[in-house]
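K.L.:
Enclosed is the structure file protein16.cif (mmCIF, C-alpha atoms and all ligand atoms).
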data_upload
#
loop_
_atom_site.label_atom_id
_atom_site.label_comp_id
_atom_site.auth_asym_id
_atom_site.auth_seq_id
_atom_site.Cartn_x
_atom_site.Cartn_y
_atom_site.Cartn_z
CA MET V 33 130.93 124.97 34.49
CA GLN V 34 129.30 123.35 37.57
CA ALA V 35 129.34 119.55 37.80
CA LEU V 36 126.01 117.86 37.02
CA TRP V 37 125.61 116.45 40.52
CA TYR V 38 125.93 119.91 42.00
CA THR V 39 123.53 121.44 39.46
CA LEU V 40 120.92 118.73 40.15
CA GLY V 41 121.21 119.25 43.90
CA MET V 42 122.61 115.79 44.64
CA ARG V 43 124.84 115.27 47.60
CA LEU V 44 127.81 113.00 48.02
CA LEU V 45 127.29 110.13 50.44
CA GLY V 46 130.25 109.33 52.64
CA ILE V 47 130.09 105.58 52.22
CA HIS V 48 132.89 103.32 51.07
CA ASN V 49 132.61 102.49 47.37
CA PRO V 50 134.89 99.58 46.43
CA PHE V 51 134.92 100.91 42.84
CA ASN V 52 136.60 104.09 44.14
CA ALA V 53 133.99 106.27 42.49
CA PRO V 54 131.51 108.84 43.84
CA VAL V 55 128.26 107.81 45.52
CA TYR V 56 125.53 110.42 44.97
CA TYR V 57 122.23 110.72 46.75
CA GLU V 58 119.11 112.63 45.87
CA GLU V 59 115.89 112.62 47.83
CA THR V 60 113.51 112.36 44.87
CA VAL V 61 114.32 111.43 41.28
CA THR V 62 112.26 110.19 38.35
CA SER V 63 114.36 107.01 38.23
CA THR V 64 117.96 106.43 39.24
CA MET V 65 118.36 104.78 35.79
CA GLU V 66 117.74 108.16 34.14
CA VAL V 67 120.16 109.99 36.43
CA SER V 68 122.80 107.32 35.82
CA ARG V 69 122.49 107.95 32.06
CA LEU V 70 123.07 111.67 32.65
CA LEU V 71 126.11 110.83 34.76
CA GLU V 72 127.36 108.56 31.96
CA ARG V 73 127.02 111.38 29.43
CA GLU V 74 128.83 113.74 31.75
CA GLY V 75 131.78 111.33 31.88
CA SER V 76 131.37 110.01 35.45
CA PRO V 77 133.76 107.13 36.18
CA HIS V 78 133.24 103.36 36.33
CA GLY V 79 131.42 102.48 39.55
CA THR V 80 129.62 105.82 40.07
CA VAL V 81 126.47 105.31 42.13
CA ILE V 82 123.25 107.31 42.34
CA ALA V 83 120.88 106.41 45.18
CA ALA V 84 117.49 107.94 45.94
CA ASP V 85 115.00 107.95 48.77
CA PHE V 86 112.10 108.02 46.34
CA GLN V 87 111.55 107.49 42.61
CA GLU V 88 108.55 109.03 40.91
CA GLU V 89 108.86 106.68 37.96
CA GLY V 90 110.84 103.71 39.24
CA ARG V 91 111.08 101.14 36.46
CA GLY V 92 110.71 97.37 36.60
CA ARG V 93 112.33 95.00 34.10
CA ILE V 94 109.10 94.41 32.24
CA ARG V 95 108.04 97.33 30.09
CA GLY V 96 105.26 99.28 31.71
CA ARG V 97 105.76 97.66 35.12
CA LYS V 98 106.52 100.27 37.81
CA TRP V 99 108.87 99.73 40.74
CA GLU V 100 107.08 101.16 43.76
CA MET V 101 108.99 102.10 46.90
CA GLU V 102 108.19 103.35 50.36
CA LYS V 103 110.22 106.41 51.37
CA GLY V 104 112.87 105.73 53.98
CA ARG V 105 112.30 101.96 53.91
CA ALA V 106 113.51 100.80 50.50
CA LEU V 107 116.91 100.93 48.87
CA ALA V 108 117.04 102.12 45.26
CA PHE V 109 120.21 102.85 43.38
CA THR V 110 121.97 102.49 40.03
CA VAL V 111 125.65 101.75 39.44
CA LEU V 112 127.26 102.97 36.24
CA LEU V 113 129.78 100.45 34.90
CA ARG V 114 132.12 101.12 32.00
CA PHE V 115 133.89 98.31 30.14
CA THR V 116 136.04 97.80 27.10
CA ALA V 117 134.15 94.49 26.65
CA ILE V 118 130.94 93.95 28.63
CA PRO V 119 131.13 90.76 30.74
CA THR V 120 128.37 88.19 30.21
CA ALA V 121 125.26 87.91 32.35
CA LEU V 122 125.88 91.07 34.36
CA GLY V 123 122.26 91.31 35.50
CA LEU V 124 122.38 87.78 36.89
CA ARG V 125 125.71 88.42 38.56
CA ALA V 126 124.30 91.59 40.11
CA GLY V 127 121.44 89.45 41.44
CA LEU V 128 123.91 86.97 42.89
CA ALA V 129 125.86 89.82 44.51
CA SER V 130 122.63 91.24 45.97
CA ALA V 131 121.60 87.83 47.34
CA PHE V 132 124.93 87.40 49.12
CA ALA V 133 124.89 90.97 50.40
CA ILE V 134 121.37 90.60 51.83
CA GLU V 135 122.59 87.52 53.73
CA ASP V 136 125.66 89.43 54.97
CA PHE V 137 123.36 92.24 56.11
CA ALA V 138 120.68 90.01 57.70
CA PRO V 139 122.41 86.86 59.02
CA ALA V 140 119.01 85.37 59.96
CA LEU V 141 118.46 84.93 56.20
CA SER V 142 121.77 83.18 55.63
CA GLY V 143 121.55 80.44 53.00
CA ARG V 144 117.87 81.18 52.37
CA ILE V 145 117.89 83.72 49.56
CA LEU V 146 117.00 82.44 46.08
CA ILE V 147 117.39 83.92 42.62
CA LYS V 148 114.50 83.59 40.23
CA TRP V 149 115.72 83.94 36.66
CA PRO V 150 116.34 86.53 35.44
CA ASN V 151 116.10 89.27 38.03
CA ASP V 152 114.12 88.48 41.17
CA ILE V 153 115.65 87.97 44.59
CA LEU V 154 113.30 85.83 46.67
CA ILE V 155 112.78 84.45 50.13
CA PRO V 156 110.87 81.12 50.27
CA PRO V 157 108.25 80.23 49.35
CA ALA V 158 108.54 82.87 46.59
CA LEU V 159 108.33 86.35 48.09
CA LYS V 160 110.27 89.04 46.28
CA LEU V 161 112.77 91.03 48.35
CA ALA V 162 114.65 92.74 45.54
CA GLY V 163 114.78 93.25 41.78
CA ILE V 164 117.56 93.99 39.34
CA LEU V 165 117.40 95.99 36.11
CA ALA V 166 120.45 95.95 33.83
CA GLU V 167 120.49 98.29 30.83
CA ALA V 168 123.44 98.37 28.44
CA GLN V 169 124.37 101.03 25.95
CA ASP V 170 127.63 101.13 24.00
CA ASN V 171 130.23 99.99 26.51
CA CYS V 172 128.30 101.08 29.58
CA VAL V 173 125.93 99.08 31.74
CA HIS V 174 123.58 100.67 34.24
CA ILE V 175 122.75 98.22 37.01
CA GLY V 176 119.63 99.29 38.92
CA ILE V 177 118.92 97.56 42.21
CA GLY V 178 115.79 97.92 44.33
CA VAL V 179 115.50 96.22 47.74
CA ASN V 180 112.61 96.12 50.20
CA VAL V 181 114.50 96.71 53.43
CA SER V 182 112.37 97.75 56.41
CA GLN V 183 108.76 97.83 55.21
CA LYS V 184 106.46 96.61 57.98
CA GLN V 185 103.46 96.14 55.75
CA ILE V 186 103.09 94.89 52.23
CA PRO V 187 100.17 96.27 50.16
CA GLY V 188 97.29 93.80 49.97
CA PHE V 189 97.66 93.07 46.25
CA LEU V 190 101.33 92.06 46.80
CA LEU V 191 100.83 90.03 50.00
CA ASP V 192 101.55 86.69 48.36
CA LYS V 193 104.27 88.12 46.10
CA ALA V 194 106.59 90.38 48.11
CA SER V 195 108.23 90.81 51.49
CA SER V 196 110.97 92.92 53.11
CA ILE V 197 114.21 92.02 54.84
CA SER V 198 112.66 93.18 58.14
CA LEU V 199 109.55 91.04 57.74
CA ALA V 200 111.57 88.00 56.62
CA SER V 201 114.27 88.25 59.29
CA GLY V 202 112.41 89.85 62.20
CA ALA V 203 115.15 92.51 62.48
CA GLU V 204 114.54 96.25 62.81
CA TYR V 205 116.38 98.72 60.58
CA ASN V 206 116.54 102.50 60.44
CA SER V 207 116.71 104.47 57.20
CA ALA V 208 120.52 104.88 57.36
CA ASP V 209 120.94 101.08 57.53
CA ARG V 210 119.92 100.95 53.86
CA PHE V 211 123.27 102.42 52.94
CA ILE V 212 125.13 99.77 54.95
CA LEU V 213 123.32 97.23 52.75
CA MET V 214 124.25 99.25 49.65
CA GLU V 215 127.92 99.16 50.66
CA LYS V 216 127.69 95.38 51.02
CA ILE V 217 126.03 95.02 47.61
CA LEU V 218 128.73 97.15 45.96
CA PHE V 219 131.43 95.07 47.60
CA ARG V 220 129.84 91.80 46.43
CA LEU V 221 129.17 93.24 42.96
CA ARG V 222 132.80 94.20 42.49
CA CYS V 223 133.79 90.58 43.33
CA GLU V 224 131.07 88.98 41.16
CA ILE V 225 132.04 91.01 38.09
CA GLU V 226 135.51 89.53 38.28
CA ALA V 227 134.54 85.99 39.29
CA ALA V 228 134.78 83.16 36.77
CA ASP V 229 132.66 80.68 38.74
CA TRP V 230 129.45 82.74 38.96
CA ARG V 231 127.35 80.08 37.19
CA GLU V 232 127.88 77.34 39.74
CA ARG V 233 127.16 79.70 42.58
CA LEU V 234 124.07 81.05 40.83
CA GLU V 235 122.74 77.56 40.12
CA ALA V 236 123.18 76.65 43.79
CA ARG V 237 120.59 79.35 44.61
CA LEU V 238 118.44 79.13 41.53
CA TYR V 239 114.73 79.13 42.28
CA LYS V 240 113.08 75.88 41.10
CA LYS V 241 116.30 74.32 39.78
CA GLY V 242 115.39 70.72 38.90
CA GLY V 243 111.68 71.45 39.39
CA GLN V 244 108.72 71.82 37.03
CA ILE V 245 108.06 75.31 35.70
CA CYS V 246 105.82 77.04 33.23
CA PHE V 247 107.76 79.57 31.22
CA ALA V 248 106.35 82.35 29.04
CA LYS V 249 108.55 83.31 26.13
CA GLY V 250 108.46 87.09 26.23
CA ALA V 251 105.68 88.66 28.33
CA ALA V 252 103.85 86.62 30.98
CA ASP V 253 100.63 86.98 28.96
CA SER V 254 102.28 86.15 25.60
CA GLY V 255 100.49 82.80 25.45
CA ASP V 256 103.67 81.29 24.04
CA THR V 257 104.67 78.93 26.83
CA VAL V 258 106.93 75.99 27.64
CA THR V 259 106.35 73.56 30.50
CA GLY V 260 109.22 71.44 31.70
CA VAL V 261 112.10 71.02 34.10
CA LEU V 262 114.36 73.95 34.89
CA ALA V 263 117.73 72.39 34.06
CA GLY V 264 120.04 75.31 34.84
CA ILE V 265 121.80 78.34 33.43
CA GLY V 266 123.86 78.44 30.22
CA PRO V 267 127.27 80.10 29.83
CA GLU V 268 125.77 83.40 28.66
CA GLY V 269 123.19 83.44 31.44
CA GLU V 270 120.39 81.89 29.40
CA LEU V 271 117.71 79.78 31.07
CA LEU V 272 117.81 76.05 30.22
CA ILE V 273 114.53 74.12 30.23
CA ILE V 274 113.94 70.50 29.30
CA PRO V 275 110.40 70.52 27.89
CA ASN V 276 108.17 67.72 29.21
CA GLY V 277 108.47 64.65 26.99
CA GLU V 278 111.89 65.66 25.66
CA THR V 279 115.46 65.01 26.79
CA ALA V 280 117.49 67.95 25.47
CA PRO V 281 117.28 71.41 27.02
CA LEU V 282 116.11 74.48 25.13
CA SER V 283 117.71 77.80 26.00
CA PHE V 284 115.93 81.12 26.47
CA THR V 285 117.35 84.62 26.73
CA ALA V 286 114.06 86.42 27.45
CA GLY V 287 110.81 85.54 29.17
CA GLU V 288 109.37 84.87 32.56
CA ILE V 289 108.76 81.92 34.86
CA TYR V 290 105.13 82.51 35.64
CA GLN V 291 104.15 79.40 37.51
CA ALA V 292 106.12 76.80 39.39
CA SER V 293 105.08 73.50 40.87
CA GLY V 294 106.90 70.42 42.12
C1 LIG V 301 112.32 94.30 38.53
O1 LIG V 301 112.21 93.54 39.49
O2 LIG V 301 111.50 94.26 37.60
C2 LIG V 301 113.47 95.25 38.47
C3 LIG V 301 113.31 96.33 39.52
C4 LIG V 301 114.46 97.32 39.50
C5 LIG V 301 114.20 98.48 40.42
C6 LIG V 301 115.40 99.37 40.54
S1 LIG V 301 115.22 100.58 41.83
C7 LIG V 301 116.65 101.39 41.25
C8 LIG V 301 116.59 101.39 39.75
N1 LIG V 301 115.80 102.49 39.26
C9 LIG V 301 114.70 102.09 38.62
O3 LIG V 301 113.87 102.86 38.11
N2 LIG V 301 114.62 100.75 38.63
C10 LIG V 301 115.78 100.15 39.29
#
Step by step, read the file and then write its structure as structure tokens.

P.N.:
Amino acid sequence: MQALWYTLGMRLLGIHNPFNAPVYYEETVTSTMEVSRLLEREGSPHGTVIAADFQEEGRGRIRGRKWEMEKGRALAFTVLLRFTAIPTALGLRAGLASAFAIEDFAPALSGRILIKWPNDILIPPALKLAGILAEAQDNCVHIGIGVNVSQKQIPGFLLDKASSISLASGAEYNSADRFILMEKILFRLRCEIEAADWRERLEARLYKKGGQICFAKGAADSGDTVTGVLAGIGPEGELLIIPNGETAPLSFTAGEIYQASG
């Protein structure tokens, strides 16, 4: 029987994968998350990667929100991770790994990348450069990472919300450079999965840490909100907020920071 990757017309990318697993590439997929699930079912090993030039149905973290990408200018991939016990806060750690890797890749951004809980990678004031989607099933986790690398223009409706590494750093990149960034993310991810001190390092780059935020429990339009000071991150990756007028933090495992001031 032919291997799935061969049947689907994927090719193997000759990049270094620190997980010692294959890195597949396909020009167009529905979503790399879907392909990663097929690879999981087929028995692909821990650390297998599927990258694509374009996703017809790229998914964001919030249900119904699409992840749009410009061919040749964005990086989109999913890493399949297999565990006997899933480590805590993998999505956040993948965000931390991506933040470090973006700085390794674009030194002009060194020390400037922020992480907005739970999955946004930002450049100040609050422009999104990358997003992380972590989906777990049984003992597998699929970590999807999308990065705006060399876009020269941001669609009008996203002008005050998103940017690209090129726009933020002033550097020029070609389409193959995306895979150099991917290598750096994989390297950092491998380290972050094993690191015990991820929380301190995450808090050092946490968007609005110590500042006033408005937080929606659940969807941004849920109407169920908390306003207070973002106190930090709990041991399981939960967001800690001290509501205005109170002294003890509340912890949240789902929701969205939808407005920040101060
Ligand atoms: C978010 O910011 O809401 C998460 C975005 C995650 C996008 C990546 S691109 C690779 C992988 N495939 C998908 O369909 N989504 C993730």

K.L.:
Please work out which residues fall within 9 Å of (122.6, 80.4, 47.2), coordinates as given in the file, with all atoms listed in the file counting, and return them as a VMD selection string.

P.N.:
chain V and resid 128 131 to 132 142 to 147 233 to 238

K.L.:
Around ligand LIG 301 (chain V), which protein and nucleic acid residues have at least one atom no more than 9 Å from it, if we count all atoms listed in the file? List them as a VMD selection string.

P.N.:
chain V and resid 62 to 66 82 to 84 87 to 95 97 to 101 106 to 110 151 to 153 160 162 to 166 174 to 179

K.L.:
Write out as a PyMOL selection string each polymer residue whose atoms come within 8 Å of V:Glu270, counting all atoms listed in the file; drop sequence neighbours fewer than 4 positions from it.

P.N.:
chain V and resi 265-266+283-285

K.L.:
If we count all atoms listed in the file, what is near V:Ala263 at a cut-off of 10 Å, once residues fewer than 6 positions away on the same chain are taken out, given as a list in words?

P.N.:
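Answer for this query is Glu235, Lys240, Lys241, Gly242, Gly243, Gln244, Leu271, Leu272, Ile273, Ile274, Pro275, Ala280, Pro281, Leu282 and Ser283 of chain V.
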
K.L.:
Which residues are close to stretch 37-45 of chain V, i.e. within 8 Å by all atoms listed in the file, leaving aside same-chain residues fewer than 2 positions away? Reply as a list in words.

P.N.:
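Listed by chain and then number, they are Gln34, Ala35, Ile47, Pro54, Val55, Tyr56, Tyr57 and Glu58 of chain V.
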
K.L.:
Just give me the gap between atom CA of V:Phe86 and atom CA of V:Pro139 in Å, one decimal is fine.

P.N.:
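Those two atoms sit 26.7 Å apart.
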
K.L.:
In the coordinate frame of the file, compute which residues have an atom within 10 Å of (107.0, 96.8, 53.1) when using only C-alpha atoms, and state them as a PyMOL selection string.

P.N.:
chain V and resi 101-102+105-106+161+180-187+190-191+194-199

K.L.:
Please indicate the distance in Å from atom CA of V:Ala286 to atom CA of V:Lys148, rounded to one decimal place.

P.N.:
13.1 Å

K.L.:
I'd like to know which of V:Leu218, V:Ala168, V:Ile289, V:Ala208 is closest to V:Cys246, using all atoms listed in the file.

P.N.:
V:Ile289

K.L.:
Interatomic distance between atom CA of V:Arg73 and atom CA of V:Phe219?

P.N.:
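That distance, rounded to one decimal, is 24.8 Å.
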
K.L.:
Of the candidates V:Ala117, V:Ala129, V:Asp85, V:Leu71, which one gets nearest to V:Ile225 if we count all atoms listed in the file?

P.N.:
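Of all the options, V:Ala129 lies closest to V:Ile225.
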
K.L.:
Given all atoms listed in the file as the basis, pick out the residue of V:Ala200, V:Lys103, V:Tyr290, V:Arg114 nearest to V:Gly255.

P.N.:
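When distances to V:Gly255 are compared using all atoms listed in the file, the smallest one comes from V:Tyr290.
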
K.L.:
Using all atoms listed in the file, which residue out of V:Arg210, V:Leu36, V:Thr116, V:Asn171 lies closest to V:Val67?

P.N.:
V:Leu36

K.L.:
Check the smallest atom-to-atom distance from each of V:Ser207, V:Thr257, V:Ser201, V:Ser130 to V:Glu224 using all atoms listed in the file, then report the winner.

P.N.:
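Of the candidates, the smallest distance to V:Glu224 is held by V:Ser130.
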
K.L.:
Counting only C-alpha atoms, figure out which residue out of V:Lys249, V:Gly277, V:Asp209, V:Gly96 gets nearest to V:Val261.

P.N.:
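Among the listed residues, the smallest separation from V:Val261 belongs to V:Gly277.
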